[in-house]
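Novice: Once you've had a glance at the structure underneath, I'll fire off some questions.
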Amino acid sequence: MKARVKWVEDRTFVGESGSGHKVVLGTAFGDDGRTPGPSPMELVLIGTGGCSAYDVVHILEKGREPVEDCVVELEADRAETEPRVFTRIHMHFVVKGRGLSPSKVERAVSLSIEKYCSASAMLAKTATITHDFEVVDTSAS
C-alpha cells in the first residue's frame, strides 16, 4: 500500500492514495478558524468507521440479510498530552433493512470490531473501544 501527502499552504495538505484518490486535509488556522478539510486524526476516525461499516455490510450480505443501509456514528476522546492518541472510541451502528435479524446484526458488528477491522485493532492498543447498535425495520415504512 502506498500514499502521498503534499503540503499546499498554511496548514493545508492533499493526500493521495495509491489508487489515485485525493483528499484535502488540514487543521484550523487564521482568525476565522477555517479548516480546509478534516484533520488527520478525524480521517483516522472516519477510516475506522468506514472499515467497520464495510465489514458489517459484507457480513450481513454474505448471510443473505436484507441490509439496505448502515451508518456508524463515532465519538472519541484523545489524550491531553502528546502524542494525543485516542483513548476512548464509541461506535454506534444504525443498520436498516426489511426484517433484519438483530442477533445477526449484533454478530456482524462484534465480528468487525473484534476480529476483522484492522483499523479498530490498531486503535485498541491505546483506546477503549465500545459499540452498540440499533436495527431499523424498513418493512413497516
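Each chain of the C-alpha cells is named A, B, ... in the order shown, its residues numbered from 1; ligands are numbered from 1 in display order.
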I'd like the neighbourhood of A:Ile129 as a CSV table (one decimal) with all heavy atoms, in the first residue's frame, where a residue qualifies if any of its atoms comes within 7 Å (using only C-alpha atoms), though same-chain residues fewer than 2 positions away should be ignored.
Specialist:
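And here's out_6.csv as it stands now:
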```csv
chain,number,residue,atom,x,y,z
A,88,ARG,N,-10.5,6.7,24.0
A,88,ARG,CA,-11.8,6.1,24.0
A,88,ARG,C,-12.5,6.4,22.7
A,88,ARG,O,-12.4,7.5,22.1
A,88,ARG,CB,-12.6,6.8,25.1
A,88,ARG,CG,-14.1,6.2,25.2
A,88,ARG,CD,-15.0,7.1,26.0
A,88,ARG,NE,-15.3,8.4,25.4
A,88,ARG,CZ,-16.3,8.6,24.5
A,88,ARG,NH1,-17.1,7.6,24.2
A,88,ARG,NH2,-16.5,9.8,23.9
A,89,ILE,N,-13.1,5.3,22.2
A,89,ILE,CA,-13.9,5.4,20.9
A,89,ILE,C,-15.2,4.7,21.2
A,89,ILE,O,-15.2,3.5,21.6
A,89,ILE,CB,-13.1,4.8,19.7
A,89,ILE,CG1,-11.8,5.6,19.5
A,89,ILE,CG2,-14.0,4.9,18.5
A,89,ILE,CD1,-10.9,4.9,18.5
A,90,HIS,N,-16.3,5.3,20.9
A,90,HIS,CA,-17.6,4.6,20.9
A,90,HIS,C,-18.2,4.6,19.5
A,90,HIS,O,-18.2,5.7,18.8
A,90,HIS,CB,-18.6,5.3,21.9
A,90,HIS,CG,-19.9,4.6,21.9
A,90,HIS,ND1,-20.0,3.3,22.5
A,90,HIS,CD2,-21.1,4.8,21.3
A,90,HIS,CE1,-21.2,2.9,22.3
A,90,HIS,NE2,-21.9,3.8,21.6
A,124,ALA,N,-7.2,-0.1,19.2
A,124,ALA,CA,-7.5,-0.7,20.5
A,124,ALA,C,-6.2,-0.8,21.4
A,124,ALA,O,-6.3,-1.1,22.6
A,124,ALA,CB,-8.1,-2.1,20.3
A,127,ALA,N,-6.8,2.8,22.9
A,127,ALA,CA,-8.2,3.3,23.2
A,127,ALA,C,-9.1,2.2,23.6
A,127,ALA,O,-9.0,1.0,23.1
A,127,ALA,CB,-8.8,4.0,21.9
A,131,HIS,N,-19.1,-0.3,21.6
A,131,HIS,CA,-20.0,-0.2,20.5
A,131,HIS,C,-21.4,-0.6,20.9
A,131,HIS,O,-21.6,-1.3,21.9
A,131,HIS,CB,-19.6,-1.1,19.3
A,131,HIS,CG,-19.6,-2.5,19.6
A,131,HIS,ND1,-18.5,-3.2,20.2
A,131,HIS,CD2,-20.5,-3.5,19.4
A,131,HIS,CE1,-18.8,-4.5,20.4
A,131,HIS,NE2,-20.0,-4.7,19.9
```
Novice: Find the residues near stretch 71-76 of chain A: any atom within 12 Å, counting only C-alpha atoms, skip ones fewer than 6 places away on the same chain, and give them as a PyMOL selection string.
Specialist: chain A and resi 41-57+84-96+109+120+123+126-136
Novice: May I ask for the distance between atom CA of A:Thr138 and atom CA of A:Cys70, given in Å to one decimal place?
Specialist: 12.5 Å
Novice: Going by DSSP on the backbone, which bits of stretch 9-49 of chain A are strand (DSSP E)? Write them as a ChimeraX atom specification, please.
Specialist: /A:9,12-17,22-26
Novice: Do you know which residues are at most 12 Å from A:Val8 counting only C-alpha atoms, after dropping those on the same chain fewer than 2 positions away, and could you put them as a VMD selection string?
Specialist: chain A and resid 5 to 6 10 to 15 24 to 26 36
Novice: According to DSSP computed on the backbone, where in chain A is there alpha helix (DSSP H)? Give the residues as an MDAnalysis selection string.
Specialist: chainID A and resid 40:62 102:111 118:123
Novice: Extract, using only C-alpha atoms, all DNA, RNA and protein residues at most 12 Å from A:Gly63, discarding same-chain residues fewer than 2 positions from it, and format them as a ChimeraX atom specification.
Specialist: /A:56-61,65-67,100-101,103-105,107-108
Novice: Between atom CA of A:Leu111 and atom CA of A:Glu68, what is the distance in Å, rounded to a tenth?
Specialist: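 Taking atom CA of A:Leu111 and atom CA of A:Glu68, their separation equals 19.4 Å.
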